[in-house]
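J.: Please find one structure pasted underneath; my questions will follow.
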Amino acid sequence: MIGLSDLFHPRDEDTAKAIVAWWERRRLIYNILLAPYTFLVVLTMFLRAGGYDLTIIRVSAPLMFLVSAVFVVPANLWYIGGWLTELCAVKILRFAGRRTGPVLMMAGLVFSALFVPVVLIFFFPIG
């Protein structure tokens, strides 16, 4: 297993196996970063909707976990898009670069982090 400091460390080879392995070794850390963040965003939205009444946490906790899971599952599908994009860049477009994976990883984390609140605010406006 790798640590957080290794998350953006470039890979050593440009083989398809090395690219996929680089991404999959980092999936757990991606989920460890994304899941609590997603839950905090969902919790904030529930608290705002309930007028910051803390009893909403007790009443709505299962629903909050479900809503959080709804975002984490697709995020893992997008994660696959990261290594697919890198495979295409390296193998089809011949864009080789050891830093391609770390750059795509950072872009994916930012996209995932922005996606959750934007969707929640868009579909569940509080006003």
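Residue names in the structure tokens use chain letters A, B, ... in the order shown, residue numbers from 1 in each chain, and ligand numbers from 1 in the order shown.
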Would you list the contacts of Val103 (chain A) as a list in words, taking every protein, DNA or RNA residue within 8 Å and counting only C-alpha atoms, but skipping same-chain residues closer than 4 positions in sequence?

T.: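 Result of the neighbour search: Phe8, Arg99 and Ala107 of chain A.
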
J.: I need the residues from that last selection saved to file as an mmCIF file, in the first residue's frame (with C-alpha atoms), if you can.

T.:
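Final output, selection_32.cif:
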```cif
data_model
loop_
_atom_site.group_PDB
_atom_site.id
_atom_site.type_symbol
_atom_site.label_atom_id
_atom_site.label_comp_id
_atom_site.auth_asym_id
_atom_site.auth_seq_id
_atom_site.Cartn_x
_atom_site.Cartn_y
_atom_site.Cartn_z
ATOM 1 C CA PHE A 8 1.289 12.167 -6.907
ATOM 2 C CA ARG A 99 3.779 13.199 -14.779
ATOM 3 C CA ALA A 107 -7.588 17.055 -11.982
#
```

J.: For Met45 (chain A), find every residue with an atom within 9 Å (counting only C-alpha atoms), except residues of its own chain fewer than 3 positions away, and show them as a list in words.

T.: Leu40, Val41, Val42, Arg48, Ala49, Gly50, Pro117, Leu120, Ile121, Phe124 and Ile126 of chain A

J.: Quick one: pull the distance between CA of Gly97 (chain A) and CA of Thr15 (chain A), Å, one decimal.

T.: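 Result for CA of Gly97 (chain A) versus CA of Thr15 (chain A): 11.9 Å, one decimal.
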
J.: So, with only C-alpha atoms as the atoms that count, which of A:Val116, A:Val59, A:Leu28, A:Ala89 lies closest to Phe71 (chain A)?

T.: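 Closest candidate: A:Val116.
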
J.: Find, counting only C-alpha atoms, the residue in A:Phe46, A:Trp78, A:Phe39, A:Trp83 that gets nearest to Leu66 (chain A).

T.: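 Between A:Phe46, A:Trp78, A:Phe39, A:Trp83, the residue approaching Leu66 (chain A) most closely is A:Phe39.
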
J.: What does the distance between CA of Arg11 (chain A) and CA of Pro102 (chain A) come to in Å, to one decimal place?

T.: 8.7 Å

J.: Counting only C-alpha atoms, which residue out of A:Ala18, A:Met106, A:Leu7, A:Leu43 sits closest to Ser68 (chain A)?

T.: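 Going through A:Ala18, A:Met106, A:Leu7, A:Leu43 one by one, the smallest distance to Ser68 (chain A) is for A:Leu43.
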
J.: Tell me which protein, DNA and RNA residues are within 12 Å of Glu13 (chain A), counting only C-alpha atoms, leaving out same-chain ones fewer than 3 positions away, and put them as number ranges by chain.

T.: A: 10, 16-22, 87, 90, 96-101

J.: Identify, on the basis of only C-alpha atoms, every residue whose closest approach to Tyr79 (chain A) does not exceed 8 Å; exclude the query and any residue fewer than 3 positions from it along the same chain; express the result as a list in words.

T.: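 Neighbouring residues, sequence-local ones excluded: Arg27, Ala75, Asn76, Gly82, Trp83 and Gly108 of chain A.
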
J.: Restrict the selected residues to C-alpha atoms and save them as a PDB file, in the first residue's frame.

T.:
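Produced file result_33.pdb, reproduced below:
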```pdb
ATOM      1  CA  ARG A  27      -7.698   4.090  -5.462  1.00  0.00           C
ATOM      2  CA  ALA A  75     -16.589   8.956  -8.573  1.00  0.00           C
ATOM      3  CA  ASN A  76     -15.010   5.504  -8.730  1.00  0.00           C
ATOM      4  CA  GLY A  82      -8.312   8.608 -15.267  1.00  0.00           C
ATOM      5  CA  TRP A  83      -6.301   5.580 -16.218  1.00  0.00           C
ATOM      6  CA  GLY A 108      -9.842  14.133 -11.012  1.00  0.00           C
TER       7      GLY A 108
END
```

J.: Rank nothing, just name the residue among A:Val72, A:Trp23, A:Leu93, A:Asp14 nearest to Ala113 (chain A), using only C-alpha atoms.

T.: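 Of all the options, A:Val72 lies closest to Ala113 (chain A).
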